[in-house]
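Chemist: Structure file my_file_32.cif, mmCIF, C-alpha atoms (C1' of nucleotides), is pasted below:
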data_work
#
loop_
_atom_site.label_atom_id
_atom_site.label_comp_id
_atom_site.auth_asym_id
_atom_site.auth_seq_id
_atom_site.Cartn_x
_atom_site.Cartn_y
_atom_site.Cartn_z
CA MET A 1 99.27 83.19 108.23
CA SER A 2 99.39 86.91 108.69
CA ASP A 3 97.45 87.30 111.88
CA ALA A 4 100.70 88.99 112.73
CA VAL A 5 99.16 91.81 110.71
CA GLU A 6 96.00 91.70 112.82
CA ARG A 7 98.05 91.84 116.01
CA ILE A 8 99.88 94.89 114.75
CA LEU A 9 96.60 96.61 113.91
CA GLU A 10 95.25 95.91 117.39
CA GLN A 11 98.34 97.47 118.92
CA TRP A 12 97.84 100.57 116.86
CA ARG A 13 94.14 100.77 117.72
CA ARG A 14 94.95 100.58 121.40
CA GLU A 15 97.78 103.08 121.23
CA ARG A 16 96.36 105.46 118.63
CA PRO A 17 92.57 105.08 118.55
CA ASP A 18 92.41 108.46 116.83
CA LEU A 19 94.01 107.10 113.62
CA ASP A 20 92.37 104.99 110.93
CA VAL A 21 95.00 102.31 110.43
CA SER A 22 92.94 100.11 108.12
CA PRO A 23 95.15 100.80 105.08
CA MET A 24 97.96 99.07 106.99
CA ALA A 25 96.07 95.81 106.72
CA VAL A 26 96.02 95.85 102.93
CA ILE A 27 99.57 97.10 102.40
CA GLY A 28 100.89 94.90 105.21
CA ARG A 29 99.41 91.75 103.74
CA MET A 30 100.61 92.70 100.28
CA THR A 31 104.13 93.21 101.60
CA ARG A 32 104.12 89.90 103.43
CA ALA A 33 102.73 87.95 100.47
CA MET A 34 105.30 89.52 98.15
CA ASN A 35 108.19 88.78 100.51
CA ALA A 36 107.13 85.16 100.86
CA ALA A 37 106.66 84.82 97.11
CA GLU A 38 110.02 86.39 96.36
CA LEU A 39 111.71 83.98 98.71
CA GLN A 40 110.39 81.04 96.69
CA LEU A 41 111.34 82.56 93.35
CA THR A 42 114.83 83.46 94.55
CA ARG A 43 115.30 80.00 95.98
CA ASN A 44 114.55 78.49 92.58
CA PHE A 45 116.98 80.80 90.82
CA SER A 46 119.78 79.99 93.22
CA ARG A 47 119.20 76.27 92.72
CA HIS A 48 120.30 76.98 89.15
CA GLY A 49 123.17 79.26 90.16
CA LEU A 50 121.32 82.43 89.24
CA ASP A 51 119.89 85.47 90.96
CA SER A 52 116.77 87.30 89.89
CA GLY A 53 118.69 90.08 88.12
CA SER A 54 120.64 87.61 86.03
CA PHE A 55 117.56 85.56 85.23
CA ASP A 56 115.75 88.70 84.20
CA VAL A 57 118.45 89.58 81.64
CA LEU A 58 118.63 86.06 80.23
CA ALA A 59 114.84 85.74 80.03
CA THR A 60 114.49 89.13 78.35
CA LEU A 61 116.97 88.07 75.70
CA LEU A 62 115.28 84.69 75.21
CA ARG A 63 111.78 86.06 74.83
CA SER A 64 112.98 88.67 72.34
CA GLY A 65 113.39 85.74 69.95
CA SER A 66 116.18 84.76 67.58
CA PRO A 67 118.93 85.97 67.36
CA TYR A 68 118.47 86.65 71.10
CA SER A 69 120.18 90.03 70.94
CA LEU A 70 119.34 93.35 72.58
CA SER A 71 121.15 96.56 73.43
CA PRO A 72 122.06 97.32 77.05
CA ALA A 73 119.63 100.24 76.86
CA ALA A 74 116.77 97.96 75.88
CA LEU A 75 117.65 95.60 78.73
CA ALA A 76 117.77 98.47 81.20
CA ASP A 77 114.44 99.71 79.97
CA SER A 78 112.81 96.32 80.35
CA ALA A 79 114.26 95.77 83.82
CA MET A 80 113.48 99.32 84.94
CA VAL A 81 117.00 99.83 86.29
CA THR A 82 119.86 102.12 85.27
CA SER A 83 122.25 101.28 82.45
CA SER A 84 124.94 101.00 85.10
CA ALA A 85 123.07 98.24 86.88
CA ILE A 86 122.70 96.42 83.57
CA ALA A 87 126.39 96.82 82.79
CA GLN A 88 127.27 95.11 86.06
CA ARG A 89 124.79 92.31 85.48
CA LEU A 90 126.26 91.84 82.00
CA ASN A 91 129.78 91.70 83.42
CA LYS A 92 128.79 88.79 85.63
CA LEU A 93 126.93 87.00 82.86
CA ALA A 94 129.73 87.56 80.33
CA ASP A 95 132.31 86.26 82.82
CA ARG A 96 130.32 83.05 83.00
CA GLY A 97 129.99 82.85 79.22
CA LEU A 98 126.20 83.18 79.28
CA VAL A 99 126.11 86.29 77.12
CA VAL A 100 128.55 87.99 74.74
CA ARG A 101 128.93 91.66 73.98
CA SER A 102 129.72 92.80 70.45
CA LYS A 103 129.83 96.08 68.59
CA ASP A 104 126.66 97.31 66.98
CA PRO A 105 127.58 97.48 63.25
CA ASP A 106 125.04 100.24 62.62
CA ASP A 107 126.12 102.53 65.46
CA LYS A 108 129.61 102.02 66.70
CA ARG A 109 128.77 103.61 70.05
CA GLY A 110 126.33 100.80 70.65
CA THR A 111 126.72 97.31 72.06
CA VAL A 112 124.79 94.22 71.11
CA VAL A 113 124.27 91.69 73.88
CA THR A 114 123.62 88.15 72.69
CA LEU A 115 122.71 84.97 74.50
CA THR A 116 125.40 82.30 74.03
CA PRO A 117 124.30 78.70 73.45
CA GLU A 118 125.19 78.07 77.11
CA GLY A 119 123.12 81.02 78.26
CA LYS A 120 120.19 79.93 76.14
CA ALA A 121 120.42 76.38 77.44
CA LEU A 122 120.55 77.60 81.05
CA VAL A 123 117.58 79.91 80.86
CA GLU A 124 115.58 77.25 79.02
CA ARG A 125 116.37 74.89 81.87
CA VAL A 126 115.36 77.39 84.56
CA LEU A 127 112.19 78.62 82.90
CA PRO A 128 109.94 75.57 83.51
CA ASP A 129 110.90 75.52 87.20
CA HIS A 130 110.28 79.23 87.42
CA LEU A 131 106.81 78.82 85.94
CA ALA A 132 106.12 75.89 88.25
CA THR A 133 107.07 78.05 91.24
CA GLU A 134 104.82 80.84 90.07
CA ARG A 135 102.02 78.37 89.46
CA SER A 136 102.38 76.98 92.96
CA LEU A 137 102.08 80.50 94.37
CA ILE A 138 98.67 81.04 92.80
CA LYS A 139 97.49 77.50 93.42
CA GLY A 140 93.79 77.35 94.27
CA LEU A 141 92.93 80.65 92.61
CA GLY A 142 90.25 80.36 89.94
CA ALA A 143 90.43 82.24 86.66
CA GLU A 144 87.96 84.87 87.82
CA GLU A 145 89.73 85.36 91.12
CA GLN A 146 93.00 85.83 89.27
CA ALA A 147 91.43 88.33 86.89
CA LYS A 148 89.90 90.35 89.72
CA PHE A 149 93.14 90.19 91.69
CA MET A 150 95.13 91.50 88.71
CA GLU A 151 92.60 94.25 88.17
CA VAL A 152 93.03 95.44 91.76
CA LEU A 153 96.82 95.25 91.44
CA GLY A 154 96.56 97.38 88.32
CA ARG A 155 94.61 100.01 90.20
CA ILE A 156 97.15 100.06 93.02
CA GLU A 157 99.96 100.44 90.52
CA ALA A 158 98.07 103.25 88.84
CA ASN A 159 97.43 104.97 92.17
CA ALA A 160 101.13 104.73 92.98
CA SER A 161 102.19 106.07 89.62
CA GLU A 162 99.98 109.14 89.92
CA GLY A 163 101.61 110.26 93.18
CA MET B 1 99.46 100.67 83.40
CA SER B 2 101.09 97.31 83.11
CA ASP B 3 100.37 96.47 79.52
CA ALA B 4 104.09 96.03 79.70
CA VAL B 5 103.13 92.74 81.33
CA GLU B 6 100.83 91.88 78.44
CA ARG B 7 103.58 92.64 75.95
CA ILE B 8 105.95 90.34 77.79
CA LEU B 9 103.37 87.56 77.76
CA GLU B 10 102.88 87.95 74.04
CA GLN B 11 106.61 87.65 73.48
CA TRP B 12 106.67 84.44 75.45
CA ARG B 13 103.66 83.04 73.60
CA ARG B 14 105.34 83.71 70.29
CA GLU B 15 108.70 82.34 71.36
CA ARG B 16 107.54 79.47 73.55
CA PRO B 17 103.99 78.49 72.56
CA ASP B 18 104.56 75.18 74.33
CA LEU B 19 104.63 76.81 77.78
CA ASP B 20 101.69 78.06 79.82
CA VAL B 21 102.98 81.45 80.91
CA SER B 22 99.73 82.67 82.47
CA PRO B 23 101.13 82.61 86.03
CA MET B 24 103.58 85.30 84.90
CA ALA B 25 100.68 87.70 84.48
CA VAL B 26 99.63 87.42 88.12
CA ILE B 27 103.10 87.44 89.65
CA GLY B 28 104.32 90.10 87.22
CA ARG B 29 101.51 92.48 88.08
CA MET B 30 101.97 91.83 91.78
CA THR B 31 105.68 92.61 91.49
CA ARG B 32 105.03 95.81 89.57
CA ALA B 33 102.33 97.02 91.94
CA MET B 34 104.55 96.32 94.94
CA ASN B 35 107.54 98.11 93.42
CA ALA B 36 105.46 101.16 92.62
CA ALA B 37 103.90 101.14 96.08
CA GLU B 38 107.27 100.79 97.81
CA LEU B 39 108.59 103.74 95.87
CA GLN B 40 105.84 105.95 97.29
CA LEU B 41 106.31 104.71 100.84
CA THR B 42 110.08 105.12 100.68
CA ARG B 43 109.70 108.60 99.25
CA ASN B 44 107.59 109.62 102.22
CA PHE B 45 110.08 108.22 104.71
CA SER B 46 112.98 110.06 103.14
CA ARG B 47 111.03 113.33 103.22
CA HIS B 48 111.28 112.89 107.00
CA GLY B 49 114.92 111.80 106.95
CA LEU B 50 114.11 108.14 107.52
CA ASP B 51 114.37 104.86 105.67
CA SER B 52 111.92 102.01 105.96
CA GLY B 53 114.09 100.00 108.37
CA SER B 54 114.41 102.93 110.75
CA PHE B 55 110.72 103.74 110.54
CA ASP B 56 109.89 100.13 111.24
CA VAL B 57 111.89 100.16 114.49
CA LEU B 58 110.43 103.47 115.67
CA ALA B 59 106.89 102.42 114.79
CA THR B 60 107.27 99.05 116.52
CA LEU B 61 108.37 100.82 119.70
CA LEU B 62 105.55 103.35 119.49
CA ARG B 63 102.79 100.84 118.95
CA SER B 64 104.09 98.72 121.85
CA GLY B 65 102.75 101.51 124.07
CA SER B 66 104.23 103.32 127.04
CA PRO B 67 107.06 103.16 128.10
CA TYR B 68 107.94 102.50 124.41
CA SER B 69 110.59 99.94 125.28
CA LEU B 70 111.45 96.61 123.70
CA SER B 71 114.44 94.28 123.59
CA PRO B 72 116.54 94.03 120.41
CA ALA B 73 115.34 90.43 120.13
CA ALA B 74 111.70 91.52 120.11
CA LEU B 75 112.47 94.12 117.47
CA ALA B 76 114.29 91.57 115.32
CA ASP B 77 111.37 89.19 115.68
CA SER B 78 108.85 91.80 114.64
CA ALA B 79 110.92 92.96 111.67
CA MET B 80 111.77 89.38 110.61
CA VAL B 81 115.48 90.20 110.33
CA THR B 82 118.55 89.06 112.24
CA SER B 83 119.63 90.59 115.54
CA SER B 84 122.69 91.91 113.72
CA ALA B 85 120.55 93.89 111.32
CA ILE B 86 118.62 95.33 114.26
CA ALA B 87 121.84 96.23 116.08
CA GLN B 88 122.96 98.27 113.09
CA ARG B 89 119.61 99.99 112.74
CA LEU B 90 119.77 100.82 116.45
CA ASN B 91 123.27 102.26 116.07
CA LYS B 92 121.99 104.71 113.50
CA LEU B 93 118.92 105.62 115.51
CA ALA B 94 120.90 105.99 118.74
CA ASP B 95 123.47 108.22 117.00
CA ARG B 96 120.61 110.53 116.06
CA GLY B 97 119.20 110.44 119.57
CA LEU B 98 115.93 108.81 118.48
CA VAL B 99 116.33 105.77 120.74
CA VAL B 100 118.43 104.97 123.81
CA ARG B 101 119.84 101.65 124.88
CA SER B 102 119.95 100.75 128.57
CA LYS B 103 120.70 97.66 130.61
CA ASP B 104 117.83 95.33 131.38
CA PRO B 105 117.67 95.40 135.20
CA ASP B 106 116.20 91.89 135.32
CA ASP B 107 118.76 90.24 133.06
CA LYS B 108 122.05 92.03 132.80
CA ARG B 109 122.80 90.35 129.47
CA GLY B 110 119.79 92.08 128.02
CA THR B 111 119.31 95.51 126.50
CA VAL B 112 116.23 97.68 126.67
CA VAL B 113 115.66 99.95 123.69
CA THR B 114 113.49 102.98 124.42
CA LEU B 115 112.10 105.71 122.22
CA THR B 116 113.43 109.13 123.23
CA PRO B 117 111.03 112.10 123.27
CA GLU B 118 112.64 113.15 119.97
CA GLY B 119 112.15 109.70 118.48
CA LYS B 120 108.55 109.58 119.63
CA ALA B 121 107.88 113.04 118.21
CA LEU B 122 109.44 112.08 114.88
CA VAL B 123 107.53 108.86 114.38
CA GLU B 124 104.31 110.58 115.45
CA ARG B 125 104.98 113.17 112.78
CA VAL B 126 105.70 110.59 110.06
CA LEU B 127 102.83 108.26 110.87
CA PRO B 128 99.94 110.36 109.50
CA ASP B 129 101.79 110.89 106.23
CA HIS B 130 102.57 107.20 106.05
CA LEU B 131 98.92 106.33 106.50
CA ALA B 132 97.93 108.93 103.94
CA THR B 133 100.35 107.37 101.45
CA GLU B 134 98.96 103.92 102.13
CA ARG B 135 95.43 105.25 101.82
CA SER B 136 96.23 106.84 98.46
CA LEU B 137 97.55 103.49 97.22
CA ILE B 138 94.24 101.74 97.84
CA LYS B 139 92.14 104.69 96.75
CA GLY B 140 88.98 103.62 94.93
CA LEU B 141 88.88 100.14 96.45
CA GLY B 142 85.67 99.38 98.29
CA ALA B 143 85.58 97.52 101.57
CA GLU B 144 84.56 94.27 99.92
CA GLU B 145 87.22 94.57 97.26
CA GLN B 146 89.81 95.14 99.94
CA ALA B 147 88.61 92.15 101.93
CA LYS B 148 88.70 89.88 98.89
CA PHE B 149 92.08 91.21 97.87
CA MET B 150 93.51 90.52 101.33
CA GLU B 151 92.02 87.05 101.30
CA VAL B 152 93.79 86.26 98.03
CA LEU B 153 97.04 87.70 99.36
CA GLY B 154 96.69 85.46 102.38
CA ARG B 155 96.34 82.42 100.17
CA ILE B 156 99.40 83.37 98.14
CA GLU B 157 101.38 83.84 101.33
CA ALA B 158 100.19 80.47 102.57
CA ASN B 159 101.11 78.81 99.26
CA ALA B 160 104.56 80.35 99.48
CA SER B 161 105.06 79.27 103.07
CA GLU B 162 104.21 75.65 102.31
CA GLY B 163 106.94 75.30 99.69
"C1'" DT C 1 127.07 118.87 71.80
"C1'" DA C 2 124.32 114.74 72.54
"C1'" DT C 3 124.22 109.83 73.06
"C1'" DT C 4 125.76 104.90 74.26
"C1'" DG C 5 127.90 102.37 77.32
"C1'" DT C 6 131.38 101.29 80.98
"C1'" DT C 7 133.79 101.93 85.14
"C1'" DA C 8 135.05 104.12 89.64
"C1'" DT C 9 133.16 105.11 93.73
"C1'" DA C 10 130.14 105.08 97.43
"C1'" DC C 11 126.04 103.82 99.85
"C1'" DT C 12 122.48 100.82 101.89
"C1'" DC C 13 121.12 96.71 103.67
"C1'" DT C 14 122.08 92.40 105.13
"C1'" DA C 15 124.11 87.89 106.92
"C1'" DT C 16 127.94 85.01 109.02
"C1'" DA C 17 130.97 84.51 112.42
"C1'" DA C 18 133.73 86.08 116.29
"C1'" DC C 19 133.45 88.19 120.67
"C1'" DT C 20 131.80 90.05 125.41
"C1'" DA C 21 129.10 89.65 129.28
"C1'" DT C 22 125.89 87.33 131.97
"C1'" DA C 23 122.94 83.29 133.31
"C1'" DT D 1 127.26 75.60 128.41
"C1'" DA D 2 123.70 78.53 126.73
"C1'" DT D 3 121.86 83.02 125.85
"C1'" DA D 4 121.57 88.30 124.68
"C1'" DG D 5 123.62 91.48 122.21
"C1'" DT D 6 127.29 93.82 119.55
"C1'" DT D 7 130.79 94.35 116.22
"C1'" DA D 8 133.96 93.05 112.43
"C1'" DT D 9 133.83 91.58 108.06
"C1'" DA D 10 132.16 90.58 103.71
"C1'" DG D 11 128.79 90.32 100.08
"C1'" DA D 12 124.97 91.71 97.02
"C1'" DG D 13 122.78 95.19 94.63
"C1'" DT D 14 122.30 99.62 93.27
"C1'" DA D 15 122.84 104.68 91.90
"C1'" DT D 16 125.64 108.91 90.87
"C1'" DA D 17 129.06 110.82 88.49
"C1'" DA D 18 133.12 110.73 85.66
"C1'" DC D 19 134.83 108.91 81.49
"C1'" DA D 20 135.59 107.07 76.55
"C1'" DA D 21 134.05 106.59 72.02
"C1'" DT D 22 131.06 107.81 68.44
"C1'" DA D 23 127.26 110.48 66.29
#
Can you turn what I pasted into structure tokens?

Modeler:
Amino acid sequence: MSDAVERILEQWRRERPDLDVSPMAVIGRMTRAMNAAELQLTRNFSRHGLDSGSFDVLATLLRSGSPYSLSPAALADSAMVTSSAIAQRLNKLADRGLVVRSKDPDDKRGTVVTLTPEGKALVERVLPDHLATERSLIKGLGAEEQAKFMEVLGRIEANASEG
Amino acid sequence: MSDAVERILEQWRRERPDLDVSPMAVIGRMTRAMNAAELQLTRNFSRHGLDSGSFDVLATLLRSGSPYSLSPAALADSAMVTSSAIAQRLNKLADRGLVVRSKDPDDKRGTVVTLTPEGKALVERVLPDHLATERSLIKGLGAEEQAKFMEVLGRIEANASEG
DNA sequence: TATTGTTATACTCTATAACTATA
DNA sequence: TATAGTTATAGAGTATAACAATA
């Protein structure tokens, strides 16, 4: 477990008793939990020959519903990355035949990205495993605990977004 | 806030009503909170001309106490990265005169990494701001909320480490 | 001129493997 | 032979800025 965090706090208290290092406990444990969780999620993606960026694009297209088409801008917006990052993800996915790019008929500057049948089949195969991995991460947490946990996460996100 | 998460869940429920996507809410909010938090922490480091890897090394040396010396192996262990990653971080820090490498007198294969006065002064300058940033992230959370939150994080980390 | 999207370039961080020196 | 550490190399992922095409 993360008594590594407790050991670090004790070092700080010995070396800098003048500082209140208690926030390190919360942020430290959050960082460690997230790293461990990400490792599991990434591991699942790579079992299916994907990385999290690629999965994110495929899943965004799938959940947008038929005809499974979005603009690069919409994908960038959803992923909270630059359009350049999306373009590079799309290059990889298009090379593998998982998505296709076509011209937007309404605005010839625009591109329409569409899931191919292969891409749709792949993401539909990965999705149940992804959900199972996520479910295993929150195993043992009751509905109320989850709700309270999410509420606290929301406040942390809000605090961060103010700054 | 992350009603973006709620919108995503609604898309999934419409497109795949057969799947229980509720775990996505928890993991999604955790991911978003962590990303937003990391942005703040990173921003503070770069105000001081540091990145998180460099700060981590300097802080690990400082909290180890006088004479502020550790082996590269101990630093790698603490940071949970490879010795190669530590060597490269040390190259950068040594170039800037923030740490020095010397031979371990007891084992001539070994290296002793020591904080220079400049390195010590820098990390001591950054530390209060770092703690202030962390404190602002958990602003509004009572002691009990923090304790419960950390307990849940610990269980998630444990769940992840089993897998 | 503004917007959409792509590419060229560079940067950061990291791991793998080869290498040096010492035990 | 094994261990401590470094470096050479390569890979992933990203952003910034320049660019092309269209509005």

Chemist: Evaluate the PyMOL selection byres ((chain D) within 12 of (chain B)) here and jot the selected residues down as a list in words.

Modeler: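 Output from the PyMOL selection byres ((chain D) within 12 of (chain B)), applied to this file: DT3, DA4, DG5, DT6, DT7 and DA8 of chain D.
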
Chemist: So that I have them on file, write out the residues from the current selection with C-alpha atoms (C1' of nucleotides), as a CSV table (one decimal), keeping the file's coordinate frame.

Modeler:
chain,number,residue,atom,x,y,z
D,3,DT,C1',121.9,83.0,125.8
D,4,DA,C1',121.6,88.3,124.7
D,5,DG,C1',123.6,91.5,122.2
D,6,DT,C1',127.3,93.8,119.6
D,7,DT,C1',130.8,94.4,116.2
D,8,DA,C1',134.0,93.0,112.4

Chemist: Apply the PyMOL selection byres ((chain C and resi 10) around 10) to the file shown and report the selected residues as a list in words.

Modeler: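 After applying the PyMOL selection byres ((chain C and resi 10) around 10), what remains is DA8, DT9, DC11 and DT12 of chain C; DA15 and DT16 of chain D.
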
Chemist: If the PyMOL selection byres ((chain B and resi 150) around 8) is run on the structure shown, which residues does it catch, given as an MDAnalysis selection string?

Modeler: (chainID A and resid 25:26 29:30) or (chainID B and resid 146:149 151:154)

Chemist: One decimal, Å: what's the distance from atom CA of Glu157 of chain A over to atom CA of Met34 of chain B, could you say?

Modeler: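 Between atom CA of Glu157 of chain A and atom CA of Met34 of chain B the gap works out to 7.6 Å.
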
Chemist: Dump as a ChimeraX atom specification the residues of chain A that approach chain B to within 8 Å, counting only C-alpha atoms.

Modeler: /A:1-2,8,11-12,15-16,19,21,23-27,29-34,36-37,40,62-65,128,131,134-139,141,146,149-150,152-161,163

Chemist: With all atoms listed in the file as the basis for distance, which of C:DT1, C:DT14, C:DT6, C:DT22 is at the shortest distance from DG13 of chain D?

Modeler: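 So, comparing all the options, the nearest one is C:DT14.
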
Chemist: Just want the 8 Å neighbourhood of Leu70 of chain B, counted on all atoms listed in the file, with same-chain residues fewer than 3 positions away dropped. Output as a list in words.

Modeler: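 In the requested form, the answer reads Leu61, Ser64, Ala74, Leu75, Val112, Val113 and Thr114 of chain B.
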
Chemist: Both chains have the same sequence, so match all Cα atoms in order, fit chain A onto chain B by least squares, and return it as a compact mmCIF listing (two decimals) with C-alpha atoms, keeping the file's coordinate frame.

Modeler:
# COMPACT_ATOMS: atom_id res chain seq x y z
CA MET A 1 99.71 100.70 83.32
CA SER A 2 101.23 97.28 83.12
CA ASP A 3 100.50 96.39 79.54
CA ALA A 4 104.23 95.97 79.71
CA VAL A 5 103.27 92.70 81.38
CA GLU A 6 100.98 91.80 78.49
CA ARG A 7 103.74 92.53 75.99
CA ILE A 8 106.09 90.25 77.86
CA LEU A 9 103.51 87.46 77.87
CA GLU A 10 103.01 87.81 74.12
CA GLN A 11 106.75 87.49 73.58
CA TRP A 12 106.80 84.32 75.59
CA ARG A 13 103.79 82.88 73.77
CA ARG A 14 105.46 83.51 70.44
CA GLU A 15 108.82 82.14 71.52
CA ARG A 16 107.65 79.30 73.76
CA PRO A 17 104.10 78.34 72.78
CA ASP A 18 104.65 75.04 74.57
CA LEU A 19 104.73 76.72 78.02
CA ASP A 20 101.80 78.01 80.04
CA VAL A 21 103.09 81.41 81.09
CA SER A 22 99.85 82.65 82.63
CA PRO A 23 101.24 82.64 86.19
CA MET A 24 103.68 85.32 85.02
CA ALA A 25 100.79 87.70 84.59
CA VAL A 26 99.72 87.48 88.22
CA ILE A 27 103.19 87.52 89.76
CA GLY A 28 104.38 90.16 87.30
CA ARG A 29 101.56 92.53 88.14
CA MET A 30 102.02 91.90 91.84
CA THR A 31 105.72 92.71 91.56
CA ARG A 32 105.07 95.89 89.62
CA ALA A 33 102.33 97.10 91.98
CA MET A 34 104.55 96.41 94.99
CA ASN A 35 107.53 98.22 93.47
CA ALA A 36 105.42 101.25 92.65
CA ALA A 37 103.86 101.24 96.11
CA GLU A 38 107.21 100.90 97.83
CA LEU A 39 108.54 103.85 95.90
CA GLN A 40 105.78 106.06 97.32
CA LEU A 41 106.24 104.81 100.87
CA THR A 42 110.01 105.24 100.72
CA ARG A 43 109.63 108.70 99.28
CA ASN A 44 107.50 109.70 102.26
CA PHE A 45 110.00 108.30 104.74
CA SER A 46 112.89 110.14 103.15
CA ARG A 47 110.95 113.40 103.27
CA HIS A 48 111.20 112.96 107.04
CA GLY A 49 114.84 111.87 106.98
CA LEU A 50 114.03 108.21 107.53
CA ASP A 51 114.27 104.95 105.65
CA SER A 52 111.80 102.10 105.93
CA GLY A 53 114.00 100.08 108.31
CA SER A 54 114.33 102.98 110.71
CA PHE A 55 110.63 103.80 110.53
CA ASP A 56 109.81 100.18 111.20
CA VAL A 57 111.84 100.18 114.44
CA LEU A 58 110.40 103.47 115.65
CA ALA A 59 106.83 102.45 114.79
CA THR A 60 107.23 99.08 116.50
CA LEU A 61 108.36 100.81 119.66
CA LEU A 62 105.54 103.37 119.48
CA ARG A 63 102.77 100.85 118.97
CA SER A 64 104.06 98.71 121.83
CA GLY A 65 102.76 101.49 124.08
CA SER A 66 104.28 103.27 127.06
CA PRO A 67 107.10 103.08 128.09
CA TYR A 68 107.95 102.45 124.41
CA SER A 69 110.61 99.87 125.21
CA LEU A 70 111.45 96.55 123.59
CA SER A 71 114.42 94.20 123.44
CA PRO A 72 116.49 93.97 120.26
CA ALA A 73 115.27 90.38 119.94
CA ALA A 74 111.65 91.48 119.97
CA LEU A 75 112.40 94.13 117.35
CA ALA A 76 114.18 91.59 115.16
CA ASP A 77 111.28 89.22 115.51
CA SER A 78 108.75 91.85 114.51
CA ALA A 79 110.82 93.02 111.54
CA MET A 80 111.65 89.48 110.45
CA VAL A 81 115.36 90.28 110.14
CA THR A 82 118.43 89.08 112.02
CA SER A 83 119.51 90.57 115.34
CA SER A 84 122.56 91.89 113.51
CA ALA A 85 120.41 93.90 111.14
CA ILE A 86 118.55 95.33 114.12
CA ALA A 87 121.78 96.20 115.90
CA GLN A 88 122.88 98.26 112.90
CA ARG A 89 119.52 99.99 112.63
CA LEU A 90 119.73 100.79 116.35
CA ASN A 91 123.23 102.20 115.93
CA LYS A 92 121.94 104.69 113.38
CA LEU A 93 118.89 105.59 115.44
CA ALA A 94 120.90 105.93 118.66
CA ASP A 95 123.45 108.15 116.90
CA ARG A 96 120.60 110.47 116.01
CA GLY A 97 119.20 110.38 119.54
CA LEU A 98 115.93 108.76 118.47
CA VAL A 99 116.33 105.71 120.69
CA VAL A 100 118.46 104.86 123.73
CA ARG A 101 119.86 101.52 124.77
CA SER A 102 119.99 100.57 128.44
CA LYS A 103 120.72 97.45 130.43
CA ASP A 104 117.86 95.12 131.18
CA PRO A 105 117.72 95.12 135.03
CA ASP A 106 116.22 91.62 135.09
CA ASP A 107 118.76 89.98 132.78
CA LYS A 108 122.05 91.72 132.51
CA ARG A 109 122.77 90.09 129.15
CA GLY A 110 119.77 91.91 127.76
CA THR A 111 119.30 95.37 126.32
CA VAL A 112 116.24 97.56 126.54
CA VAL A 113 115.66 99.87 123.60
CA THR A 114 113.53 102.91 124.37
CA LEU A 115 112.11 105.65 122.21
CA THR A 116 113.47 109.07 123.25
CA PRO A 117 111.08 112.03 123.31
CA GLU A 118 112.66 113.09 120.00
CA GLY A 119 112.14 109.66 118.49
CA LYS A 120 108.55 109.57 119.67
CA ALA A 121 107.89 113.04 118.29
CA LEU A 122 109.42 112.10 114.92
CA VAL A 123 107.50 108.90 114.42
CA GLU A 124 104.28 110.61 115.50
CA ARG A 125 104.96 113.23 112.85
CA VAL A 126 105.65 110.65 110.13
CA LEU A 127 102.78 108.33 110.92
CA PRO A 128 99.87 110.43 109.56
CA ASP A 129 101.73 110.98 106.27
CA HIS A 130 102.51 107.30 106.09
CA LEU A 131 98.85 106.41 106.55
CA ALA A 132 97.85 109.02 103.98
CA THR A 133 100.27 107.46 101.49
CA GLU A 134 98.90 104.01 102.15
CA ARG A 135 95.36 105.33 101.84
CA SER A 136 96.17 106.91 98.50
CA LEU A 137 97.50 103.57 97.25
CA ILE A 138 94.20 101.81 97.86
CA LYS A 139 92.08 104.75 96.75
CA GLY A 140 88.94 103.64 94.92
CA LEU A 141 88.86 100.18 96.46
CA GLY A 142 85.62 99.40 98.28
CA ALA A 143 85.53 97.55 101.58
CA GLU A 144 84.54 94.28 99.94
CA GLU A 145 87.21 94.59 97.28
CA GLN A 146 89.80 95.20 99.97
CA ALA A 147 88.60 92.21 101.96
CA LYS A 148 88.70 89.91 98.94
CA PHE A 149 92.09 91.27 97.92
CA MET A 150 93.51 90.60 101.40
CA GLU A 151 92.05 87.12 101.38
CA VAL A 152 93.83 86.32 98.11
CA LEU A 153 97.08 87.80 99.44
CA GLY A 154 96.72 85.57 102.48
CA ARG A 155 96.40 82.52 100.29
CA ILE A 156 99.47 83.48 98.28
CA GLU A 157 101.44 83.99 101.46
CA ALA A 158 100.25 80.62 102.72
CA ASN A 159 101.18 78.94 99.44
CA ALA A 160 104.64 80.48 99.66
CA SER A 161 105.14 79.45 103.25
CA GLU A 162 104.30 75.82 102.52
CA GLY A 163 107.04 75.48 99.90

Chemist: Would you be able to write out as a list in words which residues have an atom within 10 Å of (117.3, 110.5, 118.5) in the file's coordinates, counting all atoms listed in the file?

Modeler: Lys92, Leu93, Ala94, Asp95, Arg96, Gly97, Leu98, Val99, Val100, Leu115, Thr116, Pro117, Glu118, Gly119, Lys120, Ala121 and Leu122 of chain B

Chemist: What separation in Å, quoted to one decimal, exists between atom C1' of DT3 of chain C and atom CA of Arg89 of chain A?

Modeler: 21.5 Å

Chemist: For the atom pair atom C1' of DC19 of chain D and atom CA of Ala85 of chain A, what is the interatomic distance in Å to one decimal place?

Modeler: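 Distance reported for this atom pair: 16.8 Å.
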
Chemist: Counting all atoms listed in the file, a student should be able to say which residues of chain C come within 12 Å of chain B; what is the right answer, written as a list in words?

Modeler: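 Only these qualify: DT12, DC13, DT14, DA15, DT16, DA17, DT20, DA21, DT22 and DA23 of chain C.
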
Chemist: Mind working out the centre and edge lengths of an axis-aligned box for segment 12-26 of chain B, all listed atoms inside, 5 Å added to each side, rounded to one decimal in Å and written as AutoDock Vina command-line options?

Modeler:
--center_x 104.2 --center_y 81.4 --center_z 79.2 --size_x 19.1 --size_y 22.5 --size_z 27.8
